[in-house]
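Novice: The structure file target.cif (mmCIF, C-alpha atoms) is provided below.
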data_data
#
loop_
_atom_site.label_atom_id
_atom_site.label_comp_id
_atom_site.auth_asym_id
_atom_site.auth_seq_id
_atom_site.Cartn_x
_atom_site.Cartn_y
_atom_site.Cartn_z
CA MET A 1 -33.72 13.80 -14.66
CA LEU A 2 -31.75 10.66 -15.41
CA GLU A 3 -28.70 12.81 -16.11
CA GLU A 4 -29.07 14.53 -12.77
CA ARG A 5 -29.36 11.25 -10.91
CA LYS A 6 -26.37 9.88 -12.79
CA MET A 7 -24.23 12.80 -11.75
CA LYS A 8 -25.05 12.20 -8.13
CA GLU A 9 -25.10 8.47 -7.67
CA MET A 10 -23.48 6.75 -10.64
CA LEU A 11 -21.91 3.51 -9.48
CA SER A 12 -20.52 2.33 -12.77
CA LYS A 13 -17.24 3.70 -14.06
CA LEU A 14 -15.75 4.52 -17.43
CA ILE A 15 -11.99 4.90 -17.46
CA SER A 16 -9.80 5.34 -20.53
CA PHE A 17 -6.45 3.57 -20.61
CA ASP A 18 -4.47 4.51 -23.68
CA MET A 19 -3.88 1.29 -25.60
CA HIS A 20 -0.33 2.32 -26.53
CA THR A 21 0.99 4.16 -23.46
CA GLY A 22 -1.32 2.66 -20.80
CA LYS A 23 -1.91 6.07 -19.27
CA ALA A 24 -5.26 7.12 -17.83
CA PRO A 25 -6.52 10.66 -17.20
CA VAL A 26 -5.19 11.80 -13.83
CA ALA A 27 -8.72 12.91 -12.92
CA ASP A 28 -9.77 9.24 -13.01
CA ALA A 29 -6.77 7.35 -11.68
CA THR A 30 -3.58 8.07 -9.77
CA PRO A 31 -0.27 7.14 -11.37
CA LEU A 32 2.02 5.44 -8.85
CA GLN A 33 5.60 5.73 -10.05
CA ARG A 34 8.53 3.55 -9.11
CA ASN A 35 11.97 4.92 -9.87
CA LEU A 36 15.16 2.91 -9.57
CA SER A 37 16.18 4.64 -6.32
CA GLY A 38 13.17 3.12 -4.55
CA LEU A 39 13.53 -0.28 -6.21
CA ARG A 40 17.23 -1.00 -6.39
CA GLN A 41 17.10 -3.89 -3.94
CA ILE A 42 14.94 -5.99 -6.31
CA PHE A 43 17.75 -6.19 -8.83
CA SER A 44 20.49 -8.74 -8.57
CA ASN A 45 23.39 -6.52 -9.58
CA GLN A 46 23.68 -3.81 -6.91
CA GLU A 47 26.85 -2.35 -8.42
CA ALA A 48 25.03 -1.81 -11.74
CA ALA A 49 22.14 -0.13 -9.90
CA ALA A 50 24.54 2.16 -8.04
CA ALA A 51 26.35 3.09 -11.27
CA ILE A 52 23.06 4.14 -12.94
CA LEU A 53 21.98 6.12 -9.88
CA LYS A 54 25.19 8.14 -10.00
CA THR A 55 23.96 9.83 -13.16
CA HIS A 56 20.14 9.56 -13.11
CA ASP A 57 17.15 7.88 -11.47
CA PRO A 58 15.15 6.18 -14.25
CA LEU A 59 11.42 5.55 -13.99
CA VAL A 60 11.24 1.74 -14.05
CA TYR A 61 7.47 1.31 -13.95
CA GLU A 62 4.21 2.96 -13.02
CA PHE A 63 0.65 1.86 -12.63
CA TYR A 64 -2.70 3.57 -12.54
CA ASP A 65 -4.67 2.81 -9.43
CA LEU A 66 -8.36 3.55 -8.97
CA HIS A 67 -8.42 3.24 -5.18
CA MET A 68 -11.26 0.74 -5.25
CA PRO A 69 -12.52 -0.12 -1.76
CA GLU A 70 -11.34 -3.61 -0.72
CA LYS A 71 -14.79 -5.16 -0.93
CA GLU A 72 -15.57 -8.80 -1.54
CA GLY A 73 -17.41 -9.39 -4.80
CA ASP A 74 -15.88 -6.26 -6.22
CA LEU A 75 -13.10 -6.02 -8.80
CA ALA A 76 -10.14 -3.67 -8.96
CA PHE A 77 -8.53 -2.86 -12.28
CA GLY A 78 -5.99 -0.58 -13.88
CA SER A 79 -2.95 -0.43 -16.11
CA SER A 80 0.66 -1.39 -15.52
CA ILE A 81 3.44 0.24 -17.52
CA VAL A 82 7.02 -1.09 -17.43
CA TYR A 83 9.56 1.04 -19.29
CA PRO A 84 12.35 -0.59 -21.28
CA GLY A 85 15.77 -0.80 -19.69
CA LYS A 86 18.15 -3.04 -17.81
CA VAL A 87 20.00 -3.01 -14.51
CA GLY A 88 23.10 -5.01 -15.27
CA GLU A 89 21.83 -7.94 -17.30
CA GLU A 90 18.42 -7.92 -15.66
CA PHE A 91 15.41 -6.43 -17.41
CA HIS A 92 13.26 -3.71 -15.91
CA MET A 93 10.47 -5.29 -13.87
CA THR A 94 7.89 -4.68 -11.15
CA LYS A 95 8.45 -5.53 -7.49
CA GLY A 96 6.00 -8.41 -7.69
CA HIS A 97 3.60 -9.47 -4.98
CA PHE A 98 1.49 -12.20 -3.50
CA HIS A 99 -2.16 -11.48 -2.77
CA THR A 100 -2.95 -11.21 0.93
CA ILE A 101 -5.89 -13.52 0.27
CA LEU A 102 -3.49 -15.98 -1.25
CA GLU A 103 -5.97 -18.03 -3.30
CA THR A 104 -7.15 -15.12 -5.46
CA ALA A 105 -6.29 -14.99 -9.14
CA GLU A 106 -5.44 -12.05 -11.40
CA VAL A 107 -5.88 -11.51 -15.14
CA TYR A 108 -3.59 -9.38 -17.31
CA TYR A 109 -4.34 -8.38 -20.88
CA CYS A 110 -1.28 -7.17 -22.81
CA LEU A 111 -1.86 -4.01 -24.83
CA ASN A 112 1.63 -3.03 -25.95
CA GLY A 113 5.22 -4.24 -26.06
CA TYR A 114 6.81 -7.56 -25.27
CA GLY A 115 7.26 -8.95 -21.81
CA MET A 116 6.89 -11.78 -19.39
CA MET A 117 4.79 -12.63 -16.38
CA MET A 118 6.96 -14.46 -13.85
CA MET A 119 4.97 -16.47 -11.30
CA GLU A 120 5.97 -18.45 -8.24
CA SER A 121 4.02 -20.29 -5.54
CA PRO A 122 5.09 -20.49 -1.88
CA GLU A 123 5.86 -24.17 -2.52
CA GLY A 124 8.36 -23.23 -5.23
CA ASP A 125 6.39 -23.95 -8.37
CA VAL A 126 7.60 -21.54 -11.02
CA GLU A 127 5.68 -20.63 -14.16
CA TYR A 128 6.37 -17.91 -16.67
CA ARG A 129 4.55 -16.67 -19.74
CA GLU A 130 5.66 -14.36 -22.49
CA MET A 131 3.19 -11.60 -23.29
CA ARG A 132 2.52 -9.76 -26.50
CA PRO A 133 -0.34 -7.44 -27.45
CA GLY A 134 -3.67 -9.26 -27.53
CA GLN A 135 -2.57 -11.98 -25.11
CA ALA A 136 -4.25 -12.55 -21.77
CA VAL A 137 -2.28 -14.10 -18.94
CA TYR A 138 -4.19 -15.79 -16.16
CA VAL A 139 -2.24 -15.79 -12.88
CA PRO A 140 -3.70 -18.53 -10.68
CA GLY A 141 -4.31 -18.06 -6.98
CA ARG A 142 -1.29 -18.72 -4.69
CA TYR A 143 1.22 -17.35 -7.24
CA ALA A 144 3.34 -14.27 -6.65
CA HIS A 145 3.66 -12.43 -9.94
CA ARG A 146 5.92 -9.85 -11.50
CA SER A 147 5.86 -8.18 -14.95
CA ILE A 148 9.16 -8.01 -16.83
CA ASN A 149 9.81 -5.92 -19.93
CA LEU A 150 11.79 -8.03 -22.42
CA SER A 151 12.05 -5.33 -25.08
CA ASP A 152 14.94 -2.88 -25.38
CA THR A 153 12.78 -0.22 -26.96
CA GLU A 154 9.06 -0.74 -26.28
CA THR A 155 6.98 -0.05 -23.20
CA LEU A 156 5.20 -3.09 -21.75
CA VAL A 157 1.57 -2.16 -21.09
CA THR A 158 -0.97 -4.46 -19.47
CA PHE A 159 -4.55 -4.01 -18.28
CA PHE A 160 -5.14 -5.94 -15.04
CA VAL A 161 -8.16 -7.10 -13.04
CA PHE A 162 -8.22 -8.75 -9.61
CA ARG A 163 -10.66 -9.22 -6.75
CA ALA A 164 -10.86 -5.89 -4.94
CA ASP A 165 -10.37 -7.50 -1.52
CA ALA A 166 -7.35 -9.62 -2.59
CA GLY A 167 -4.83 -7.25 -1.01
CA HIS A 168 -1.15 -6.96 -1.85
CA ASN A 169 1.62 -8.67 0.06
CA TYR A 170 4.90 -7.15 -1.13
CA GLY A 171 6.81 -8.10 2.02
CA THR A 172 7.40 -11.77 1.30
CA VAL A 173 8.91 -11.00 -2.09
CA GLU A 174 11.00 -8.17 -0.61
CA GLU A 175 12.47 -10.52 1.97
CA ARG A 176 13.05 -13.55 -0.24
CA GLY A 177 13.14 -12.37 -3.84
CA PHE A 178 11.90 -14.55 -6.67
CA ARG A 179 13.52 -17.93 -7.24
CA LYS A 180 14.29 -17.08 -10.88
CA LEU A 181 15.91 -14.13 -12.59
CA VAL A 182 15.34 -13.17 -16.20
CA VAL A 183 18.52 -11.85 -17.79
CA ALA A 184 19.61 -10.76 -21.25
CA ASP A 185 21.19 -13.58 -23.24
CA GLY A 186 22.41 -12.52 -26.68
CA ASP A 187 19.36 -11.09 -28.47
CA GLY A 188 17.00 -12.96 -26.17
CA TYR A 189 16.74 -13.85 -22.53
CA ALA A 190 17.54 -16.64 -20.12
CA VAL A 191 15.67 -17.71 -16.99
CA VAL A 192 18.28 -18.53 -14.35
CA ASP A 193 18.38 -19.34 -10.66
CA ASN A 194 18.52 -16.32 -8.38
CA PRO A 195 21.74 -16.67 -6.39
CA ASN A 196 20.38 -14.29 -3.74
CA TRP A 197 17.09 -16.08 -3.20
CA VAL A 198 16.37 -16.51 0.51
CA GLY A 199 14.88 -19.95 1.06
CA ALA A 200 12.06 -20.69 3.44
CA MET B 1 12.94 -30.50 -16.34
CA LEU B 2 11.04 -27.29 -15.83
CA GLU B 3 9.57 -27.64 -19.31
CA GLU B 4 8.43 -31.16 -18.54
CA ARG B 5 6.75 -30.08 -15.32
CA LYS B 6 5.12 -27.15 -17.07
CA MET B 7 3.60 -29.39 -19.71
CA LYS B 8 2.05 -31.55 -17.04
CA GLU B 9 0.88 -29.21 -14.35
CA MET B 10 0.86 -25.66 -15.62
CA LEU B 11 -1.84 -23.71 -13.83
CA SER B 12 -1.39 -20.36 -15.49
CA LYS B 13 -2.90 -19.69 -18.88
CA LEU B 14 -1.99 -17.67 -21.95
CA ILE B 15 -4.85 -17.01 -24.34
CA SER B 16 -4.73 -14.78 -27.42
CA PHE B 17 -7.77 -12.64 -28.18
CA ASP B 18 -7.38 -10.81 -31.46
CA MET B 19 -7.56 -7.11 -30.63
CA HIS B 20 -9.57 -6.35 -33.77
CA THR B 21 -11.89 -9.36 -34.17
CA GLY B 22 -11.95 -10.60 -30.57
CA LYS B 23 -11.50 -14.18 -31.71
CA ALA B 24 -9.40 -16.69 -29.78
CA PRO B 25 -7.89 -19.94 -31.06
CA VAL B 26 -10.55 -22.65 -30.88
CA ALA B 27 -8.02 -24.90 -29.16
CA ASP B 28 -8.04 -22.48 -26.20
CA ALA B 29 -11.62 -21.26 -25.98
CA THR B 30 -15.03 -22.26 -27.28
CA PRO B 31 -16.97 -19.72 -29.36
CA LEU B 32 -20.62 -19.61 -28.28
CA GLN B 33 -22.69 -18.15 -31.07
CA ARG B 34 -26.07 -16.48 -30.82
CA ASN B 35 -28.02 -16.13 -34.03
CA LEU B 36 -31.20 -14.09 -34.35
CA SER B 37 -33.42 -17.20 -34.43
CA GLY B 38 -32.42 -18.02 -30.86
CA LEU B 39 -32.60 -14.43 -29.66
CA ARG B 40 -35.58 -12.88 -31.36
CA GLN B 41 -37.57 -12.46 -28.16
CA ILE B 42 -35.04 -9.94 -26.76
CA PHE B 43 -35.89 -7.46 -29.50
CA SER B 44 -38.83 -5.11 -29.22
CA ASN B 45 -39.99 -5.33 -32.80
CA GLN B 46 -41.04 -8.94 -33.40
CA GLU B 47 -42.34 -8.21 -36.92
CA ALA B 48 -38.92 -6.87 -37.92
CA ALA B 49 -37.26 -9.98 -36.47
CA ALA B 50 -39.64 -12.26 -38.39
CA ALA B 51 -39.01 -10.36 -41.63
CA ILE B 52 -35.24 -10.81 -41.30
CA LEU B 53 -35.60 -14.49 -40.47
CA LYS B 54 -37.58 -15.08 -43.66
CA THR B 55 -34.40 -14.51 -45.64
CA HIS B 56 -31.50 -15.30 -43.28
CA ASP B 57 -30.46 -15.91 -39.69
CA PRO B 58 -27.74 -13.38 -38.85
CA LEU B 59 -25.11 -13.99 -36.20
CA VAL B 60 -25.87 -11.27 -33.64
CA TYR B 61 -23.07 -11.97 -31.19
CA GLU B 62 -20.61 -14.55 -29.98
CA PHE B 63 -18.29 -14.89 -27.05
CA TYR B 64 -15.28 -16.99 -26.23
CA ASP B 65 -15.64 -18.99 -23.06
CA LEU B 66 -12.81 -20.73 -21.24
CA HIS B 67 -14.98 -23.00 -19.10
CA MET B 68 -13.32 -21.87 -15.90
CA PRO B 69 -14.51 -23.85 -12.88
CA GLU B 70 -16.88 -21.75 -10.72
CA LYS B 71 -14.42 -21.37 -7.86
CA GLU B 72 -14.36 -18.56 -5.34
CA GLY B 73 -11.23 -16.44 -5.56
CA ASP B 74 -10.86 -17.37 -9.18
CA LEU B 75 -11.53 -15.17 -12.20
CA ALA B 76 -13.20 -16.01 -15.48
CA PHE B 77 -12.41 -14.01 -18.59
CA GLY B 78 -12.94 -13.97 -22.33
CA SER B 79 -14.05 -11.87 -25.26
CA SER B 80 -17.47 -10.68 -26.37
CA ILE B 81 -18.14 -9.84 -30.01
CA VAL B 82 -21.34 -8.08 -31.12
CA TYR B 83 -21.76 -7.76 -34.88
CA PRO B 84 -23.24 -4.60 -36.38
CA GLY B 85 -26.89 -4.64 -37.38
CA LYS B 86 -30.39 -3.70 -36.30
CA VAL B 87 -33.68 -5.44 -35.69
CA GLY B 88 -36.20 -2.75 -36.52
CA GLU B 89 -34.78 0.37 -34.89
CA GLU B 90 -33.00 -1.56 -32.15
CA PHE B 91 -29.27 -2.21 -32.33
CA HIS B 92 -27.74 -5.67 -32.14
CA MET B 93 -27.08 -6.58 -28.51
CA THR B 94 -26.45 -9.41 -26.09
CA LYS B 95 -29.15 -11.08 -24.01
CA GLY B 96 -27.81 -9.51 -20.85
CA HIS B 97 -27.69 -11.12 -17.45
CA PHE B 98 -27.54 -10.64 -13.71
CA HIS B 99 -24.90 -12.55 -11.77
CA THR B 100 -26.29 -15.35 -9.64
CA ILE B 101 -24.18 -13.99 -6.79
CA LEU B 102 -25.82 -10.64 -7.30
CA GLU B 103 -23.21 -8.46 -5.58
CA THR B 104 -20.34 -9.41 -7.90
CA ALA B 105 -18.93 -6.88 -10.33
CA GLU B 106 -17.59 -7.27 -13.87
CA VAL B 107 -15.01 -5.32 -15.85
CA TYR B 108 -15.06 -4.86 -19.64
CA TYR B 109 -12.22 -3.41 -21.67
CA CYS B 110 -13.24 -2.25 -25.14
CA LEU B 111 -10.87 -3.33 -27.91
CA ASN B 112 -12.76 -2.43 -31.08
CA GLY B 113 -15.81 -0.62 -32.37
CA TYR B 114 -18.34 1.64 -30.70
CA GLY B 115 -21.00 0.48 -28.31
CA MET B 116 -22.75 0.81 -25.01
CA MET B 117 -22.99 -1.07 -21.75
CA MET B 118 -26.59 -0.89 -20.51
CA MET B 119 -26.93 -1.62 -16.79
CA GLU B 120 -29.94 -1.98 -14.51
CA SER B 121 -30.37 -2.92 -10.87
CA PRO B 122 -33.32 -4.93 -9.50
CA GLU B 123 -34.48 -1.69 -7.84
CA GLY B 124 -34.72 0.04 -11.19
CA ASP B 125 -31.57 2.13 -11.22
CA VAL B 126 -30.41 2.46 -14.80
CA GLU B 127 -26.92 3.39 -15.90
CA TYR B 128 -25.37 3.26 -19.34
CA ARG B 129 -21.91 3.94 -20.66
CA GLU B 130 -20.66 4.37 -24.19
CA MET B 131 -17.59 2.31 -25.01
CA ARG B 132 -14.79 2.97 -27.45
CA PRO B 133 -11.42 1.22 -27.84
CA GLY B 134 -9.22 1.76 -24.80
CA GLN B 135 -12.12 2.38 -22.43
CA ALA B 136 -12.81 0.17 -19.44
CA VAL B 137 -16.35 -0.10 -18.09
CA TYR B 138 -16.83 -1.18 -14.52
CA VAL B 139 -20.20 -2.86 -13.97
CA PRO B 140 -20.96 -2.71 -10.25
CA GLY B 141 -22.47 -5.61 -8.36
CA ARG B 142 -26.30 -5.91 -8.48
CA TYR B 143 -26.49 -4.60 -12.06
CA ALA B 144 -27.75 -6.65 -14.99
CA HIS B 145 -25.69 -5.72 -18.02
CA ARG B 146 -25.95 -5.98 -21.77
CA SER B 147 -23.55 -4.94 -24.56
CA ILE B 148 -25.07 -3.00 -27.47
CA ASN B 149 -23.32 -2.30 -30.78
CA LEU B 150 -24.00 1.33 -31.76
CA SER B 151 -22.03 1.19 -35.01
CA ASP B 152 -23.54 0.36 -38.39
CA THR B 153 -20.29 -1.03 -39.71
CA GLU B 154 -17.87 -2.01 -36.94
CA THR B 155 -17.79 -5.03 -34.68
CA LEU B 156 -17.97 -4.26 -30.96
CA VAL B 157 -15.24 -6.25 -29.19
CA THR B 158 -14.71 -6.29 -25.42
CA PHE B 159 -12.45 -8.28 -23.11
CA PHE B 160 -14.28 -9.17 -19.89
CA VAL B 161 -13.30 -10.41 -16.42
CA PHE B 162 -15.59 -11.51 -13.57
CA ARG B 163 -15.41 -13.63 -10.45
CA ALA B 164 -15.44 -17.24 -11.61
CA ASP B 165 -18.15 -18.21 -9.13
CA ALA B 166 -20.44 -15.27 -9.96
CA GLY B 167 -22.75 -17.38 -12.13
CA HIS B 168 -25.10 -16.12 -14.83
CA ASN B 169 -28.78 -15.48 -14.31
CA TYR B 170 -30.32 -14.97 -17.75
CA GLY B 171 -33.83 -15.91 -16.61
CA THR B 172 -34.81 -12.67 -14.90
CA VAL B 173 -33.88 -10.61 -17.96
CA GLU B 174 -35.68 -13.10 -20.25
CA GLU B 175 -38.87 -12.76 -18.23
CA ARG B 176 -38.83 -9.01 -17.69
CA GLY B 177 -36.59 -7.46 -20.32
CA PHE B 178 -34.55 -4.35 -19.61
CA ARG B 179 -36.34 -1.14 -18.62
CA LYS B 180 -34.68 0.82 -21.42
CA LEU B 181 -34.26 0.23 -25.12
CA VAL B 182 -31.54 1.78 -27.26
CA VAL B 183 -32.83 2.66 -30.70
CA ALA B 184 -31.48 4.43 -33.76
CA ASP B 185 -32.32 8.13 -33.81
CA GLY B 186 -31.06 9.94 -36.89
CA ASP B 187 -27.31 9.34 -37.03
CA GLY B 188 -27.20 8.59 -33.31
CA TYR B 189 -29.27 6.75 -30.78
CA ALA B 190 -31.93 7.37 -28.18
CA VAL B 191 -32.48 5.62 -24.87
CA VAL B 192 -36.24 5.11 -24.47
CA ASP B 193 -38.59 3.28 -22.13
CA ASN B 194 -39.23 -0.33 -23.05
CA PRO B 195 -42.98 -0.58 -23.64
CA ASN B 196 -42.82 -4.34 -23.09
CA TRP B 197 -40.97 -4.26 -19.79
CA VAL B 198 -42.61 -6.55 -17.25
CA GLY B 199 -42.57 -4.82 -13.86
CA ALA B 200 -41.88 -6.55 -10.60
#
Write out the structure in this file as structure tokens.

Specialist:
Amino acid sequence: MLEERKMKEMLSKLISFDMHTGKAPVADATPLQRNLSGLRQIFSNQEAAAAILKTHDPLVYEFYDLHMPEKEGDLAFGSSIVYPGKVGEEFHMTKGHFHTILETAEVYYCLNGYGMMMMESPEGDVEYREMRPGQAVYVPGRYAHRSINLSDTETLVTFFVFRADAGHNYGTVEERGFRKLVVADGDGYAVVDNPNWVGA
Amino acid sequence: MLEERKMKEMLSKLISFDMHTGKAPVADATPLQRNLSGLRQIFSNQEAAAAILKTHDPLVYEFYDLHMPEKEGDLAFGSSIVYPGKVGEEFHMTKGHFHTILETAEVYYCLNGYGMMMMESPEGDVEYREMRPGQAVYVPGRYAHRSINLSDTETLVTFFVFRADAGHNYGTVEERGFRKLVVADGDGYAVVDNPNWVGA
């Protein structure tokens, strides 16, 4: 009887996200894939992007989306997977976004790899945090945020949670870019000014 | 210059939660510990609880709290750690709570062990989900929820996120209990009616 009711009306969810690859069963969540051809404008070095695209179109990142209704009080969650690679000196990264309801936070828990969360407020405050497995990054409200894979070999996997009605504003970042770039520097990285940043 | 500003005003957070033990550095988060002596009334078998307490006072669970301000749009997060053990036939578990803002959801990501999320709405809808590492449980708004450790040997560790202003209502569960108990049944468990449940 309980089983029958559960089949019909269950409101809770159980979703598996592989702790190494970040992938979820396709029956439960839709993978949204971003290849370089659809992303090239986020990278600083357009010649390097064009050179890669002459031979192949690498998958830069994907995330698993549960299509949660945008309801206040509710939470959306899923996994983000950034594959290792560079475009010129710049590491593979996500587009990055503000929340439409600007003051809403987001939490990321790193499951695999080595990366960075780059954050930037409309006022120009910049914060960034390295992420390794077992580390939670709290992105405060107001901050655009982007995940960057700092490893040459490992996939950066994070589990994320945000308010379901927060909404995603990709447009502002598309128009302006982020104020800072993260580029390879010897065996490590450097955070440098973005020469193409479009000021307010 | 950036480093100096970051030291002073950094709004983002980076907190490590050990993926096996669930523990965070005490500098970052406060462990709140619940021993049997302070919890005994949540268990069905009071004689069994009294017998244990004659010899020792086991740590049943603990969680790491970040003391996030209860601000709308913000998210609170941390780890929950339920140690293996039983009181009579009942497995170690948390007190369980409703959110004060009843319609707010919560997300748990299981990092270690084997357990269950028991959920119950004020109207008497009951849902429960087993949890294993890599599985996310979505607790919908309106549902009281309690973590139960189903393993005899392993610690149940979950990473949780909820709206920072949701608030915790422990009182209703303290007065009424949950409608269902989870008890050992051979090598597994059974979900049975709680004979002590106090109806509305």

Novice: Applying 9 Å and only C-alpha atoms, which residues near segment 159-172 of chain A remain after dropping the ones on its own chain fewer than 6 positions away? List them as a VMD selection string.

Specialist: (chain A and resid 17 22 68 to 80 95 to 111 144) or (chain B and resid 73 to 75 107 109 161 to 163)

Novice: Near segment 186-195 of chain B, counting all atoms listed in the file, which residues have an atom at most 10 Å away, once you skip same-chain residues fewer than 2 positions from it, shown as number ranges by chain?

Specialist: B: 44, 89-91, 118, 128, 150-152, 177-184, 197-198

Novice: Could you produce a table of the residues of chain B lying within 6 Å of chain A, with the nearest pair of atoms per residue and their separation in Å rounded to one decimal, using all atoms listed in the file, ordered by chain and increasing residue number, as JSON lines?

Specialist:
{"residue": "B:Ser12", "atom": "CA", "partner": "A:Val139", "partner_atom": "CA", "distance": 5.3}
{"residue": "B:Lys13", "atom": "CA", "partner": "A:Tyr138", "partner_atom": "CA", "distance": 4.9}
{"residue": "B:Leu14", "atom": "CA", "partner": "A:Val137", "partner_atom": "CA", "distance": 4.7}
{"residue": "B:Ile15", "atom": "CA", "partner": "A:Ala136", "partner_atom": "CA", "distance": 5.2}
{"residue": "B:Ser16", "atom": "CA", "partner": "A:Gln135", "partner_atom": "CA", "distance": 4.2}
{"residue": "B:Phe17", "atom": "CA", "partner": "A:Gly134", "partner_atom": "CA", "distance": 5.4}
{"residue": "B:Asp18", "atom": "CA", "partner": "A:Gly134", "partner_atom": "CA", "distance": 5.6}
{"residue": "B:Met19", "atom": "CA", "partner": "A:Gly134", "partner_atom": "CA", "distance": 5.4}
{"residue": "B:Gly73", "atom": "CA", "partner": "A:Thr104", "partner_atom": "CA", "distance": 4.3}
{"residue": "B:Asp74", "atom": "CA", "partner": "A:Ala105", "partner_atom": "CA", "distance": 5.2}
{"residue": "B:Glu103", "atom": "CA", "partner": "A:Gly73", "partner_atom": "CA", "distance": 5.9}
{"residue": "B:Thr104", "atom": "CA", "partner": "A:Gly73", "partner_atom": "CA", "distance": 4.3}
{"residue": "B:Ala105", "atom": "CA", "partner": "A:Asp74", "partner_atom": "CA", "distance": 5.2}
{"residue": "B:Gly134", "atom": "CA", "partner": "A:Phe17", "partner_atom": "CA", "distance": 5.3}
{"residue": "B:Gln135", "atom": "CA", "partner": "A:Ser16", "partner_atom": "CA", "distance": 4.2}
{"residue": "B:Ala136", "atom": "CA", "partner": "A:Ile15", "partner_atom": "CA", "distance": 5.2}
{"residue": "B:Val137", "atom": "CA", "partner": "A:Leu14", "partner_atom": "CA", "distance": 4.7}
{"residue": "B:Tyr138", "atom": "CA", "partner": "A:Lys13", "partner_atom": "CA", "distance": 4.9}
{"residue": "B:Val139", "atom": "CA", "partner": "A:Ser12", "partner_atom": "CA", "distance": 5.3}
{"residue": "B:Pro140", "atom": "CA", "partner": "A:Ser12", "partner_atom": "CA", "distance": 5.7}

Novice: For segment 164-175 of chain B, I'd like the enclosing box, axis-aligned and padded by 6 Å on every side, reported as lines of an AutoDock Vina configuration file with centre and edge lengths in Å to one decimal.

Specialist:
center_x = -27.2
center_y = -14.4
center_z = -14.7
size_x = 35.4
size_y = 19.6
size_z = 23.1

Novice: Care to translate the PyMOL selection byres ((chain B and resi 81) around 8) into actual residues of this file, as a list of chain:residue names?

Specialist: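 Those residues are B:Thr21, B:Gly22, B:Tyr61, B:Glu62, B:Phe63, B:Ser79, B:Ser80, B:Val82, B:Tyr83, B:Thr155, B:Leu156, B:Val157, B:Thr158.
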
Novice: Mind dumping the selected residues with C-alpha atoms as a short mmCIF file (atom, residue, chain, number, x, y, z; two decimals), in the coordinates of the input?

Specialist:
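Result file result.cif:
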data_model
loop_
_atom_site.label_atom_id
_atom_site.label_comp_id
_atom_site.auth_asym_id
_atom_site.auth_seq_id
_atom_site.Cartn_x
_atom_site.Cartn_y
_atom_site.Cartn_z
CA THR B 21 -11.89 -9.36 -34.17
CA GLY B 22 -11.95 -10.60 -30.57
CA TYR B 61 -23.07 -11.97 -31.19
CA GLU B 62 -20.61 -14.55 -29.98
CA PHE B 63 -18.29 -14.89 -27.05
CA SER B 79 -14.05 -11.87 -25.26
CA SER B 80 -17.47 -10.68 -26.37
CA VAL B 82 -21.34 -8.08 -31.12
CA TYR B 83 -21.76 -7.76 -34.88
CA THR B 155 -17.79 -5.03 -34.68
CA LEU B 156 -17.97 -4.26 -30.96
CA VAL B 157 -15.24 -6.25 -29.19
CA THR B 158 -14.71 -6.29 -25.42
#

Novice: Hey, can you check how far atom CA of His67 of chain B sits from atom CA of Asn35 of chain B?

Specialist: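 Separation between atom CA of His67 of chain B and atom CA of Asn35 of chain B: 21.0 Å.
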
Novice: Compile the contact shell of Leu36 of chain A as a CSV table (one decimal) with C-alpha atoms, keeping the file's coordinate frame: residues with an atom at most 8 Å away, counting only C-alpha atoms, same-chain residues fewer than 3 positions apart removed.

Specialist:
chain,number,residue,atom,x,y,z
A,39,LEU,CA,13.5,-0.3,-6.2
A,40,ARG,CA,17.2,-1.0,-6.4
A,49,ALA,CA,22.1,-0.1,-9.9
A,53,LEU,CA,22.0,6.1,-9.9
A,57,ASP,CA,17.2,7.9,-11.5
A,58,PRO,CA,15.2,6.2,-14.2
A,59,LEU,CA,11.4,5.6,-14.0
A,60,VAL,CA,11.2,1.7,-14.0

Novice: In Å, with one decimal, what is the gap from atom CA of Pro84 of chain B to atom CA of Arg176 of chain B?

Specialist: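 We find that atom CA of Pro84 of chain B and atom CA of Arg176 of chain B lie 24.7 Å from each other.
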
Novice: Distance atom CA of Ile42 of chain B-atom CA of Asn149 of chain B, one decimal place?

Specialist: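 Between atom CA of Ile42 of chain B and atom CA of Asn149 of chain B the gap works out to 14.6 Å.
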
Novice: Choose the residue, out of B:Asp65, B:His56, B:Lys23, B:Met93, that has the smallest atom-to-atom separation from Phe43 of chain B; count all atoms listed in the file.

Specialist: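 Under the stated criterion, the closest residue is B:Met93.
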